[in-house]
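Below: coords-v8.cif (mmCIF, C-alpha atoms)
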data_model
loop_
_atom_site.label_atom_id
_atom_site.label_comp_id
_atom_site.auth_asym_id
_atom_site.auth_seq_id
_atom_site.Cartn_x
_atom_site.Cartn_y
_atom_site.Cartn_z
CA MET F 60 111.76 81.41 128.41
CA LYS F 61 108.37 82.53 129.65
CA ASN F 62 105.69 79.87 129.91
CA PHE F 63 102.28 81.06 128.68
CA SER F 64 99.09 79.47 127.41
CA GLY F 65 99.57 77.66 124.09
CA THR F 66 103.26 76.82 124.55
CA PRO F 67 104.33 73.14 124.44
CA GLY F 68 103.27 71.21 127.51
CA THR F 69 100.15 73.33 128.21
CA VAL F 70 96.48 72.37 127.83
CA LEU F 71 95.89 74.93 125.04
CA GLY F 72 98.99 73.62 123.23
CA LEU F 73 97.58 70.08 123.37
CA ILE F 74 94.12 71.25 122.18
CA LEU F 75 95.72 73.06 119.19
CA ARG F 76 97.74 69.96 118.23
CA MET F 77 94.69 67.71 118.53
CA SER F 78 92.55 70.02 116.41
CA GLN F 79 95.27 70.10 113.71
CA PHE F 80 95.37 66.32 113.75
CA ILE F 81 91.57 65.92 113.62
CA PHE F 82 91.02 68.47 110.82
CA ALA F 83 93.88 67.06 108.72
CA THR F 84 92.51 63.52 109.17
CA GLY F 85 89.03 64.75 108.14
CA SER F 86 90.51 66.39 105.05
CA ILE F 87 92.33 63.23 103.95
CA ALA F 88 89.37 60.96 104.79
CA SER F 89 87.09 63.14 102.69
CA ILE F 90 89.27 63.41 99.58
CA ALA F 91 90.88 59.97 99.59
CA THR F 92 87.46 58.30 99.36
CA THR F 93 86.73 59.95 95.98
CA PRO F 94 87.62 57.67 93.06
CA SER F 95 89.26 60.37 90.92
CA PHE F 96 91.49 62.49 93.19
CA PHE F 97 94.70 61.05 91.67
CA TYR F 98 93.99 62.72 88.31
CA TYR F 99 94.54 66.10 89.98
CA THR F 100 98.04 67.12 91.10
CA SER F 101 96.61 69.69 93.56
CA PHE F 102 94.47 67.07 95.35
CA CYS F 103 97.48 64.71 95.57
CA PHE F 104 99.51 67.60 97.01
CA LEU F 105 96.68 68.21 99.53
CA ILE F 106 96.81 64.57 100.65
CA ALA F 107 100.61 64.65 100.98
CA SER F 108 100.57 67.90 102.97
CA MET F 109 97.75 66.72 105.25
CA ALA F 110 99.65 63.45 105.85
CA LEU F 111 102.71 65.48 106.89
CA GLN F 112 100.44 67.59 109.12
CA ILE F 113 98.97 64.47 110.77
CA ILE F 114 102.41 62.98 111.56
CA TRP F 115 103.80 66.29 112.88
CA SER F 116 100.76 67.16 115.02
CA PHE F 117 100.44 63.61 116.37
CA VAL F 118 104.07 63.52 117.56
CA LEU F 119 103.75 66.97 119.17
CA ALA F 120 100.39 66.08 120.76
CA LEU F 121 102.01 62.99 122.34
CA LEU F 122 104.87 65.16 123.63
CA ASP F 123 102.39 67.70 125.08
CA ALA F 124 100.34 64.96 126.74
CA TYR F 125 103.51 63.41 128.21
CA ALA F 126 104.65 66.81 129.55
CA LEU F 127 101.21 67.46 131.06
CA LEU F 128 101.01 64.03 132.72
CA LYS F 129 104.56 64.14 134.09
CA LYS F 130 104.29 67.89 134.86
CA LYS F 131 107.50 68.57 132.86
CA VAL F 132 108.36 71.93 131.26
CA LEU F 133 109.31 71.66 127.57
CA LEU F 134 111.03 75.01 127.18
CA ASN F 135 114.45 73.89 125.94
CA PRO F 136 115.64 76.51 123.35
CA VAL F 137 116.94 73.84 120.92
CA LEU F 138 113.65 71.91 121.11
CA ILE F 139 111.59 75.08 120.62
CA SER F 140 113.74 76.12 117.59
CA LEU F 141 113.02 72.71 116.05
CA PHE F 142 109.28 73.15 116.73
CA VAL F 143 109.30 76.65 115.17
CA VAL F 144 110.91 75.43 111.94
CA GLY F 145 108.64 72.38 111.73
CA ASP F 146 105.52 74.44 112.47
CA TRP F 147 106.32 77.08 109.87
CA VAL F 148 107.15 74.53 107.19
CA THR F 149 103.94 72.53 107.78
CA ALA F 150 101.80 75.70 108.06
CA THR F 151 103.14 77.08 104.76
CA ILE F 152 102.70 73.76 102.94
CA SER F 153 99.17 73.35 104.38
CA LEU F 154 98.08 76.81 103.22
CA ALA F 155 99.60 76.28 99.76
CA ALA F 156 97.91 72.87 99.35
CA ALA F 157 94.54 74.09 100.70
CA SER F 158 94.63 77.13 98.38
CA ALA F 159 95.62 75.11 95.31
CA SER F 160 92.76 72.67 95.98
CA ALA F 161 90.39 75.56 96.68
CA GLY F 162 91.42 77.04 93.30
CA LEU F 163 90.35 73.82 91.58
CA THR F 164 87.13 73.53 93.58
CA VAL F 165 86.17 77.13 92.75
CA LEU F 166 86.96 76.43 89.09
CA TYR F 167 84.50 73.53 89.02
CA PHE F 168 81.79 75.06 91.24
CA HIS F 169 81.84 78.71 90.26
CA ASP F 170 83.72 79.32 87.01
CA MET F 171 82.23 76.35 85.13
CA GLY F 172 78.77 76.99 86.61
CA HIS F 173 78.36 73.58 88.26
CA CYS F 174 80.33 70.51 89.28
CA HIS F 175 79.44 67.41 87.26
CA PHE F 176 81.15 64.73 89.33
CA GLY F 177 78.09 64.06 91.54
CA GLU F 178 78.82 63.07 95.12
CA GLU F 179 82.57 63.72 94.74
CA CYS F 180 81.99 67.48 94.50
CA GLN F 181 80.78 67.75 98.10
CA LYS F 182 83.74 65.68 99.24
CA TYR F 183 86.18 68.04 97.50
CA GLN F 184 84.55 71.03 99.23
CA ILE F 185 84.52 69.35 102.66
CA SER F 186 88.17 68.34 102.27
CA VAL F 187 89.23 71.89 101.37
CA ALA F 188 87.22 73.31 104.32
CA PHE F 189 88.92 70.87 106.74
CA ALA F 190 92.34 71.72 105.26
CA PHE F 191 91.75 75.44 105.92
CA MET F 192 90.61 74.72 109.50
CA SER F 193 93.75 72.65 110.02
CA TRP F 194 95.84 75.53 108.63
CA ILE F 195 94.19 78.04 111.02
CA SER F 196 95.09 75.94 114.06
CA ILE F 197 98.68 75.26 112.89
CA SER F 198 99.18 78.96 112.16
CA ILE F 199 98.11 79.83 115.73
CA SER F 200 100.64 77.27 117.04
CA SER F 201 103.34 78.71 114.72
CA LEU F 202 102.77 82.28 115.92
CA ILE F 203 102.87 81.20 119.58
CA MET F 204 106.13 79.27 118.96
CA LEU F 205 107.82 82.14 117.11
CA TRP F 206 106.72 84.56 119.83
CA LEU F 207 108.09 82.22 122.51
CA ILE F 208 111.53 81.94 120.90
CA ALA F 209 111.80 85.63 119.93
CA ALA F 210 110.73 86.81 123.41
CA GLY F 211 113.51 84.59 124.84
CA MET R 13 113.82 97.92 120.16
CA LYS R 14 117.03 96.63 118.58
CA ASN R 15 117.84 97.95 115.13
CA PHE R 16 119.17 95.24 112.80
CA SER R 17 119.44 94.70 109.06
CA GLY R 18 116.05 94.39 107.35
CA THR R 19 114.07 96.46 109.87
CA PRO R 20 112.17 99.56 108.59
CA GLY R 21 114.50 102.40 107.66
CA THR R 22 117.45 100.16 106.69
CA VAL R 23 118.87 99.48 103.20
CA LEU R 24 117.90 95.77 103.31
CA GLY R 25 114.37 96.77 104.38
CA LEU R 26 114.10 99.07 101.37
CA ILE R 27 115.48 96.40 98.99
CA LEU R 28 112.90 93.87 100.30
CA ARG R 29 110.02 96.35 99.81
CA MET R 30 111.22 97.23 96.31
CA SER R 31 111.53 93.58 95.29
CA GLN R 32 107.99 92.89 96.59
CA PHE R 33 106.73 95.82 94.56
CA ILE R 34 108.60 94.80 91.37
CA PHE R 35 107.59 91.12 91.50
CA ALA R 36 103.94 91.94 92.24
CA THR R 37 103.88 94.44 89.35
CA GLY R 38 105.42 91.80 87.06
CA SER R 39 102.77 89.30 88.14
CA ILE R 40 99.88 91.68 87.43
CA ALA R 41 101.43 92.90 84.14
CA SER R 42 101.79 89.32 82.95
CA ILE R 43 98.28 88.09 83.82
CA ALA R 44 96.28 91.25 83.11
CA THR R 45 97.44 91.25 79.47
CA THR R 46 95.78 87.86 78.79
CA PRO R 47 92.30 88.25 77.29
CA SER R 48 90.64 85.53 79.39
CA PHE R 49 91.84 85.91 83.00
CA PHE R 50 88.44 87.21 84.19
CA TYR R 51 86.81 83.82 83.53
CA TYR R 52 88.89 82.38 86.37
CA THR R 53 88.15 83.37 89.98
CA SER R 54 91.67 82.34 91.07
CA PHE R 55 93.35 84.64 88.54
CA CYS R 56 91.09 87.54 89.59
CA PHE R 57 92.02 86.81 93.22
CA LEU R 58 95.71 86.84 92.17
CA ILE R 59 95.31 90.28 90.58
CA ALA R 60 93.50 91.64 93.65
CA SER R 61 96.11 90.26 96.05
CA MET R 62 99.03 91.51 93.94
CA ALA R 63 97.38 94.96 93.76
CA LEU R 64 97.15 95.00 97.57
CA GLN R 65 100.80 93.91 97.71
CA ILE R 66 101.84 96.73 95.35
CA ILE R 67 100.07 99.44 97.40
CA TRP R 68 101.37 98.10 100.73
CA SER R 69 105.00 97.65 99.56
CA PHE R 70 105.04 101.00 97.76
CA VAL R 71 103.92 102.93 100.86
CA LEU R 72 106.46 101.10 103.05
CA ALA R 73 109.25 101.57 100.48
CA LEU R 74 108.55 105.34 100.48
CA LEU R 75 108.65 105.35 104.28
CA ASP R 76 111.97 103.42 104.26
CA ALA R 77 113.48 105.76 101.67
CA TYR R 78 112.34 108.80 103.72
CA ALA R 79 113.85 107.34 106.91
CA LEU R 80 117.13 106.56 105.09
CA LEU R 81 117.40 110.03 103.57
CA LYS R 82 116.52 111.88 106.78
CA LYS R 83 118.47 109.35 108.91
CA LYS R 84 115.42 108.77 111.11
CA VAL R 85 114.79 105.61 113.15
CA LEU R 86 111.36 104.06 112.57
CA LEU R 87 111.20 101.86 115.65
CA ASN R 88 108.00 103.12 117.25
CA PRO R 89 106.22 100.07 118.81
CA VAL R 90 102.76 101.16 117.56
CA LEU R 91 104.09 101.67 114.01
CA ILE R 92 105.89 98.30 114.04
CA SER R 93 102.74 96.52 115.33
CA LEU R 94 100.85 98.00 112.40
CA PHE R 95 103.56 96.83 109.98
CA VAL R 96 103.50 93.31 111.47
CA VAL R 97 99.74 92.94 111.01
CA GLY R 98 99.85 94.40 107.48
CA ASP R 99 102.80 92.22 106.48
CA TRP R 100 101.24 89.01 107.76
CA VAL R 101 97.89 89.72 106.12
CA THR R 102 99.47 90.53 102.73
CA ALA R 103 101.90 87.58 102.96
CA THR R 104 99.08 85.11 103.71
CA ILE R 105 96.85 86.48 100.95
CA SER R 106 99.76 86.44 98.47
CA LEU R 107 100.60 82.81 99.21
CA ALA R 108 96.93 81.76 98.98
CA ALA R 109 96.45 83.58 95.66
CA ALA R 110 99.73 82.31 94.18
CA SER R 111 98.90 78.73 95.22
CA ALA R 112 95.33 78.87 93.88
CA SER R 113 96.63 80.16 90.53
CA ALA R 114 99.41 77.58 90.55
CA GLY R 115 96.74 74.90 91.12
CA LEU R 116 94.94 76.03 87.96
CA THR R 117 98.17 76.32 85.95
CA VAL R 118 99.24 72.80 86.98
CA LEU R 119 95.75 71.53 86.04
CA TYR R 120 96.12 72.89 82.51
CA PHE R 121 99.82 72.07 81.98
CA HIS R 122 100.23 68.77 83.74
CA ASP R 123 96.88 67.11 84.51
CA MET R 124 95.30 67.82 81.13
CA GLY R 125 98.54 67.02 79.29
CA HIS R 126 98.95 70.39 77.59
CA CYS R 127 97.66 73.95 77.69
CA HIS R 128 95.60 74.90 74.64
CA PHE R 129 95.36 78.67 75.12
CA GLY R 130 98.52 79.42 73.07
CA GLU R 131 100.55 82.41 74.22
CA GLU R 132 98.39 82.93 77.33
CA CYS R 133 99.75 79.76 78.92
CA GLN R 134 103.27 81.17 79.26
CA LYS R 135 101.82 84.36 80.72
CA TYR R 136 99.93 82.39 83.39
CA GLN R 137 103.12 80.55 84.34
CA ILE R 138 105.21 83.75 84.45
CA SER R 139 102.57 85.48 86.56
CA VAL R 140 102.46 82.62 89.09
CA ALA R 141 106.29 82.55 89.26
CA PHE R 142 106.41 86.30 89.95
CA ALA R 143 103.67 85.95 92.59
CA PHE R 144 105.71 83.30 94.42
CA MET R 145 108.85 85.47 94.27
CA SER R 146 106.83 88.37 95.69
CA TRP R 147 105.56 86.08 98.47
CA ILE R 148 109.13 84.96 99.35
CA SER R 149 110.27 88.58 99.81
CA ILE R 150 107.17 89.62 101.83
CA SER R 151 107.54 86.55 104.05
CA ILE R 152 111.16 87.54 104.83
CA SER R 153 109.92 91.04 105.76
CA SER R 154 107.13 89.54 107.92
CA LEU R 155 109.52 87.30 109.84
CA ILE R 156 111.92 90.22 110.47
CA MET R 157 109.01 92.40 111.69
CA LEU R 158 107.61 89.74 114.01
CA TRP R 159 111.10 89.05 115.38
CA LEU R 160 111.61 92.79 115.95
CA ILE R 161 108.39 93.22 117.92
CA ALA R 162 108.72 89.96 119.89
CA ALA R 163 112.35 90.69 120.81
CA GLY R 164 111.13 94.05 122.17
#
Have the structure of the file written as structure tokens, please.
Amino acid sequence: MKNFSGTPGTVLGLILRMSQFIFATGSIASIATTPSFFYYTSFCFLIASMALQIIWSFVLALLDAYALLKKKVLLNPVLISLFVVGDWVTATISLAAASASAGLTVLYFHDMGHCHFGEECQKYQISVAFAFMSWISISISSLIMLWLIAAG
Amino acid sequence: MKNFSGTPGTVLGLILRMSQFIFATGSIASIATTPSFFYYTSFCFLIASMALQIIWSFVLALLDAYALLKKKVLLNPVLISLFVVGDWVTATISLAAASASAGLTVLYFHDMGHCHFGEECQKYQISVAFAFMSWISISISSLIMLWLIAAG
């Protein structure tokens, strides 16, 4: 397997994992502090998917940091296959949850003319924005991983 | 480039393109016949994304059928790169649109207890289901294409 920038155990790989973790945490922090998120299935789904994202990215960030510190190469085919599956599953769930929540936010902000929940409205928007940023970084990681395994 | 089942110009490739086309057409046919879809940004986005899906899959299905009939091999790297980008863009947009519409449908069916638009409600659900089926088939095509180009 060829080692290039963004693969596990590289600085870019670690930066991508950390950004996924930070954006997903921001998304949960923003939506979980609203008093009414649990009335909406899509917002609950967003929290669940961002929680999955946080756990996944945190474990992989630790692994990257360990590999960088110990100067180890993490290019075991079985390990990479596991990362590819995990990355694709979390990326797909993140996009679906972010889009479903964006659908609701657009309904309240655009289709109904204005959002009448006061301060909560901004929090919904911020949470959706963070979720999309988290999805962008996990999708970059997913593409790098799939490329790595397909290129052998 | 290795030629395997599902690549452009194979029977499985053609079946995948045709199923994307049929499901996307079903999704548009179902939602566009409701009298109120244009009040909802997410449903308009669904129609736009499914229209893009129909055009893309139709052109590629024609190309596959031509290659099958003339027994030509469509494994030009430039052509495949173009297919990969097109597939990934349409797959991502399809998932985002299907999820946003599913978010709205779940809001009306589950969060608000019941849907009070009568016959339209079933049409929304059918449209979202077709959109997800279309996304599943385009995502299989996308993975095959990316694998093909990465495996060289």
In Å and to one decimal, CA of Ile34 in chain R is distant from CA of Ile66 in chain R by 8.1 Å
Please provide as a list in words all residues within 7 Å of range 99-102 of chain F, with the sequence filter that same-chain residues fewer than 2 positions apart are discarded (counting all atoms listed in the file). Phe96, Phe97, Phe104, Leu105, Ile106, Ala156, Ala159 and Ser160 of chain F; Gly115, Leu119 and Asp123 of chain R
On this structure, the PyMOL selection byres ((chain R and resi 87) around 12) would catch which residues? List them as a JSON list (two decimals) with C-alpha atoms, keeping the file's coordinate frame, sorted by chain and number.
[["chain", "number", "residue", "atom", "x", "y", "z"],
["R", 13, "MET", "CA", 113.82, 97.92, 120.16],
["R", 14, "LYS", "CA", 117.03, 96.63, 118.58],
["R", 15, "ASN", "CA", 117.84, 97.95, 115.13],
["R", 16, "PHE", "CA", 119.17, 95.24, 112.80],
["R", 19, "THR", "CA", 114.07, 96.46, 109.87],
["R", 20, "PRO", "CA", 112.17, 99.56, 108.59],
["R", 21, "GLY", "CA", 114.50, 102.40, 107.66],
["R", 22, "THR", "CA", 117.45, 100.16, 106.69],
["R", 76, "ASP", "CA", 111.97, 103.42, 104.26],
["R", 79, "ALA", "CA", 113.85, 107.34, 106.91],
["R", 84, "LYS", "CA", 115.42, 108.77, 111.11],
["R", 85, "VAL", "CA", 114.79, 105.61, 113.15],
["R", 86, "LEU", "CA", 111.36, 104.06, 112.57],
["R", 88, "ASN", "CA", 108.00, 103.12, 117.25],
["R", 89, "PRO", "CA", 106.22, 100.07, 118.81],
["R", 90, "VAL", "CA", 102.76, 101.16, 117.56],
["R", 91, "LEU", "CA", 104.09, 101.67, 114.01],
["R", 92, "ILE", "CA", 105.89, 98.30, 114.04],
["R", 93, "SER", "CA", 102.74, 96.52, 115.33],
["R", 94, "LEU", "CA", 100.85, 98.00, 112.40],
["R", 95, "PHE", "CA", 103.56, 96.83, 109.98],
["R", 157, "MET", "CA", 109.01, 92.40, 111.69],
["R", 160, "LEU", "CA", 111.61, 92.79, 115.95],
["R", 161, "ILE", "CA", 108.39, 93.22, 117.92],
["R", 164, "GLY", "CA", 111.13, 94.05, 122.17]]
To verify the selection step, state as number ranges by chain which residues the PyMOL selection byres ((chain F and resi 148) around 12) yields on this input. F: 108, 111-112, 115, 141-147, 149-155, 194, 197-198, 201
Give me the result of the PyMOL selection byres ((chain F and resi 191) around 9) on this file, residue by residue, as number ranges by chain.
F: 82, 153-154, 157-158, 186-190, 192-196
Can I get the selected residues back with C-alpha atoms, as a PDB file, in the frame of the given file?
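And here is the file that came out, again_39.pdb:
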ATOM      1  CA  PHE F  82      91.020  68.470 110.820  1.00  0.00           C
ATOM      2  CA  SER F 153      99.170  73.350 104.380  1.00  0.00           C
ATOM      3  CA  LEU F 154      98.080  76.810 103.220  1.00  0.00           C
ATOM      4  CA  ALA F 157      94.540  74.090 100.700  1.00  0.00           C
ATOM      5  CA  SER F 158      94.630  77.130  98.380  1.00  0.00           C
ATOM      6  CA  SER F 186      88.170  68.340 102.270  1.00  0.00           C
ATOM      7  CA  VAL F 187      89.230  71.890 101.370  1.00  0.00           C
ATOM      8  CA  ALA F 188      87.220  73.310 104.320  1.00  0.00           C
ATOM      9  CA  PHE F 189      88.920  70.870 106.740  1.00  0.00           C
ATOM     10  CA  ALA F 190      92.340  71.720 105.260  1.00  0.00           C
ATOM     11  CA  MET F 192      90.610  74.720 109.500  1.00  0.00           C
ATOM     12  CA  SER F 193      93.750  72.650 110.020  1.00  0.00           C
ATOM     13  CA  TRP F 194      95.840  75.530 108.630  1.00  0.00           C
ATOM     14  CA  ILE F 195      94.190  78.040 111.020  1.00  0.00           C
ATOM     15  CA  SER F 196      95.090  75.940 114.060  1.00  0.00           C
TER      16      SER F 196
END
Quick check, in Å to one decimal: how far apart do CA of Ala63 in chain R and CA of Ile40 in chain R lie?
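Distance reported for this atom pair: 7.6 Å.
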Length of the CA of Leu127 in chain F to CA of Leu71 in chain F vector [Å]: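 Computing the Euclidean distance for CA of Leu127 in chain F and CA of Leu71 in chain F yields 11.0 Å.
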The residue from F:Ser78, F:Ser86, F:Thr92, F:Gln181 with the smallest atom-to-atom distance to Ser116 in chain F, counting all atoms listed in the file, is F:Ser78
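Nearest residue to chain R among F:Leu121, F:Ile90, F:Leu163, F:Ile185 is F:Leu163, counting all atoms listed in the file.
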- Query: For chain F, which of R:Val71, R:Ala44, R:Met30, R:Cys56 is the closest residue, counting only C-alpha atoms?
  - Reply: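 Nearest candidate to chain F out of R:Val71, R:Ala44, R:Met30, R:Cys56: R:Cys56.
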Applying 12 Å and all atoms listed in the file, which residues near Ser48 in chain R remain after dropping the ones on its own chain fewer than 6 positions away? List them as a CSV table (one decimal) with C-alpha atoms, in the coordinates of the input.
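File produced: part_11.csv:
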chain,number,residue,atom,x,y,z
R,55,PHE,CA,93.4,84.6,88.5
R,56,CYS,CA,91.1,87.5,89.6
R,129,PHE,CA,95.4,78.7,75.1
R,130,GLY,CA,98.5,79.4,73.1
R,131,GLU,CA,100.6,82.4,74.2
R,132,GLU,CA,98.4,82.9,77.3
R,133,CYS,CA,99.8,79.8,78.9
R,135,LYS,CA,101.8,84.4,80.7
R,136,TYR,CA,99.9,82.4,83.4
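Using only C-alpha atoms for every distance, the candidate list F:Val165, F:Gly172, F:Ser200, F:Leu119 yields F:Val165 as the residue closest to chain R.
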In terms of only C-alpha atoms, the residue from F:Ala120, F:Gln79, F:Thr84, F:Thr164 at minimal distance from chain R is F:Thr164
- Task: Have a look at F:Val70, F:Ile203, F:Arg76, F:Leu128 and name the one nearest to chain R; count only C-alpha atoms.
- Result: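 Smallest separation from chain R among the options: F:Ile203.
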So that all listed atoms of range 126-132 of chain R fit with 6 Å spare on each side, what axis-aligned box centre and edge lengths in Å, to one decimal, would you give as lines of an AutoDock Vina configuration file?
center_x = 98.0
center_y = 76.7
center_z = 75.4
size_x = 17.2
size_y = 24.5
size_z = 16.6
Can you fill out range 183-203 of chain F with N, CA, C and O atoms and hand it back as an mmCIF file, in the frame of the given file?
data_model
loop_
_atom_site.group_PDB
_atom_site.id
_atom_site.type_symbol
_atom_site.label_atom_id
_atom_site.label_comp_id
_atom_site.auth_asym_id
_atom_site.auth_seq_id
_atom_site.Cartn_x
_atom_site.Cartn_y
_atom_site.Cartn_z
ATOM 1 N N TYR F 183 85.088 67.105 97.786
ATOM 2 C CA TYR F 183 86.180 68.040 97.500
ATOM 3 C C TYR F 183 86.033 69.288 98.382
ATOM 4 O O TYR F 183 86.996 69.760 98.979
ATOM 5 N N GLN F 184 84.795 69.810 98.448
ATOM 6 C CA GLN F 184 84.550 71.030 99.230
ATOM 7 C C GLN F 184 84.833 70.795 100.721
ATOM 8 O O GLN F 184 85.464 71.620 101.378
ATOM 9 N N ILE F 185 84.323 69.660 101.237
ATOM 10 C CA ILE F 185 84.520 69.350 102.660
ATOM 11 C C ILE F 185 86.012 69.218 102.970
ATOM 12 O O ILE F 185 86.511 69.746 103.966
ATOM 13 N N SER F 186 86.743 68.541 102.066
ATOM 14 C CA SER F 186 88.170 68.340 102.270
ATOM 15 C C SER F 186 88.924 69.672 102.318
ATOM 16 O O SER F 186 89.783 69.880 103.186
ATOM 17 N N VAL F 187 88.572 70.574 101.405
ATOM 18 C CA VAL F 187 89.230 71.890 101.370
ATOM 19 C C VAL F 187 88.895 72.673 102.652
ATOM 20 O O VAL F 187 89.774 73.301 103.254
ATOM 21 N N ALA F 188 87.626 72.603 103.093
ATOM 22 C CA ALA F 188 87.220 73.310 104.320
ATOM 23 C C ALA F 188 88.010 72.792 105.525
ATOM 24 O O ALA F 188 88.529 73.581 106.331
ATOM 25 N N PHE F 189 88.141 71.455 105.637
ATOM 26 C CA PHE F 189 88.920 70.870 106.740
ATOM 27 C C PHE F 189 90.377 71.298 106.658
ATOM 28 O O PHE F 189 91.017 71.563 107.682
ATOM 29 N N ALA F 190 90.931 71.341 105.430
ATOM 30 C CA ALA F 190 92.340 71.720 105.260
ATOM 31 C C ALA F 190 92.558 73.152 105.744
ATOM 32 O O ALA F 190 93.554 73.446 106.415
ATOM 33 N N PHE F 191 91.608 74.057 105.447
ATOM 34 C CA PHE F 191 91.750 75.440 105.920
ATOM 35 C C PHE F 191 91.632 75.523 107.438
ATOM 36 O O PHE F 191 92.347 76.291 108.082
ATOM 37 N N MET F 192 90.729 74.710 108.033
ATOM 38 C CA MET F 192 90.610 74.720 109.500
ATOM 39 C C MET F 192 91.900 74.212 110.142
ATOM 40 O O MET F 192 92.374 74.752 111.142
ATOM 41 N N SER F 193 92.487 73.187 109.527
ATOM 42 C CA SER F 193 93.750 72.650 110.020
ATOM 43 C C SER F 193 94.844 73.720 109.923
ATOM 44 O O SER F 193 95.649 73.892 110.847
ATOM 45 N N TRP F 194 94.841 74.467 108.807
ATOM 46 C CA TRP F 194 95.840 75.530 108.630
ATOM 47 C C TRP F 194 95.664 76.625 109.685
ATOM 48 O O TRP F 194 96.654 77.132 110.229
ATOM 49 N N ILE F 195 94.420 76.991 110.006
ATOM 50 C CA ILE F 195 94.190 78.040 111.020
ATOM 51 C C ILE F 195 94.784 77.620 112.355
ATOM 52 O O ILE F 195 95.494 78.391 113.006
ATOM 53 N N SER F 196 94.557 76.351 112.752
ATOM 54 C CA SER F 196 95.090 75.940 114.060
ATOM 55 C C SER F 196 96.608 75.814 114.043
ATOM 56 O O SER F 196 97.259 76.182 115.020
ATOM 57 N N ILE F 197 97.203 75.347 112.919
ATOM 58 C CA ILE F 197 98.680 75.260 112.890
ATOM 59 C C ILE F 197 99.290 76.663 112.831
ATOM 60 O O ILE F 197 100.359 76.891 113.400
ATOM 61 N N SER F 198 98.597 77.612 112.217
ATOM 62 C CA SER F 198 99.180 78.960 112.160
ATOM 63 C C SER F 198 99.156 79.623 113.541
ATOM 64 O O SER F 198 100.077 80.374 113.880
ATOM 65 N N ILE F 199 98.128 79.317 114.344
ATOM 66 C CA ILE F 199 98.110 79.830 115.730
ATOM 67 C C ILE F 199 99.300 79.246 116.508
ATOM 68 O O ILE F 199 100.050 79.963 117.170
ATOM 69 N N SER F 200 99.496 77.917 116.371
ATOM 70 C CA SER F 200 100.640 77.270 117.040
ATOM 71 C C SER F 200 101.953 77.899 116.581
ATOM 72 O O SER F 200 102.850 78.159 117.402
ATOM 73 N N SER F 201 102.086 78.154 115.266
ATOM 74 C CA SER F 201 103.340 78.710 114.720
ATOM 75 C C SER F 201 103.622 80.081 115.306
ATOM 76 O O SER F 201 104.769 80.387 115.666
ATOM 77 N N LEU F 202 102.589 80.926 115.384
ATOM 78 C CA LEU F 202 102.770 82.280 115.920
ATOM 79 C C LEU F 202 103.185 82.229 117.384
ATOM 80 O O LEU F 202 104.083 82.955 117.811
ATOM 81 N N ILE F 203 102.530 81.341 118.164
ATOM 82 C CA ILE F 203 102.870 81.200 119.580
ATOM 83 C C ILE F 203 104.337 80.761 119.729
ATOM 84 O O ILE F 203 105.089 81.305 120.539
#
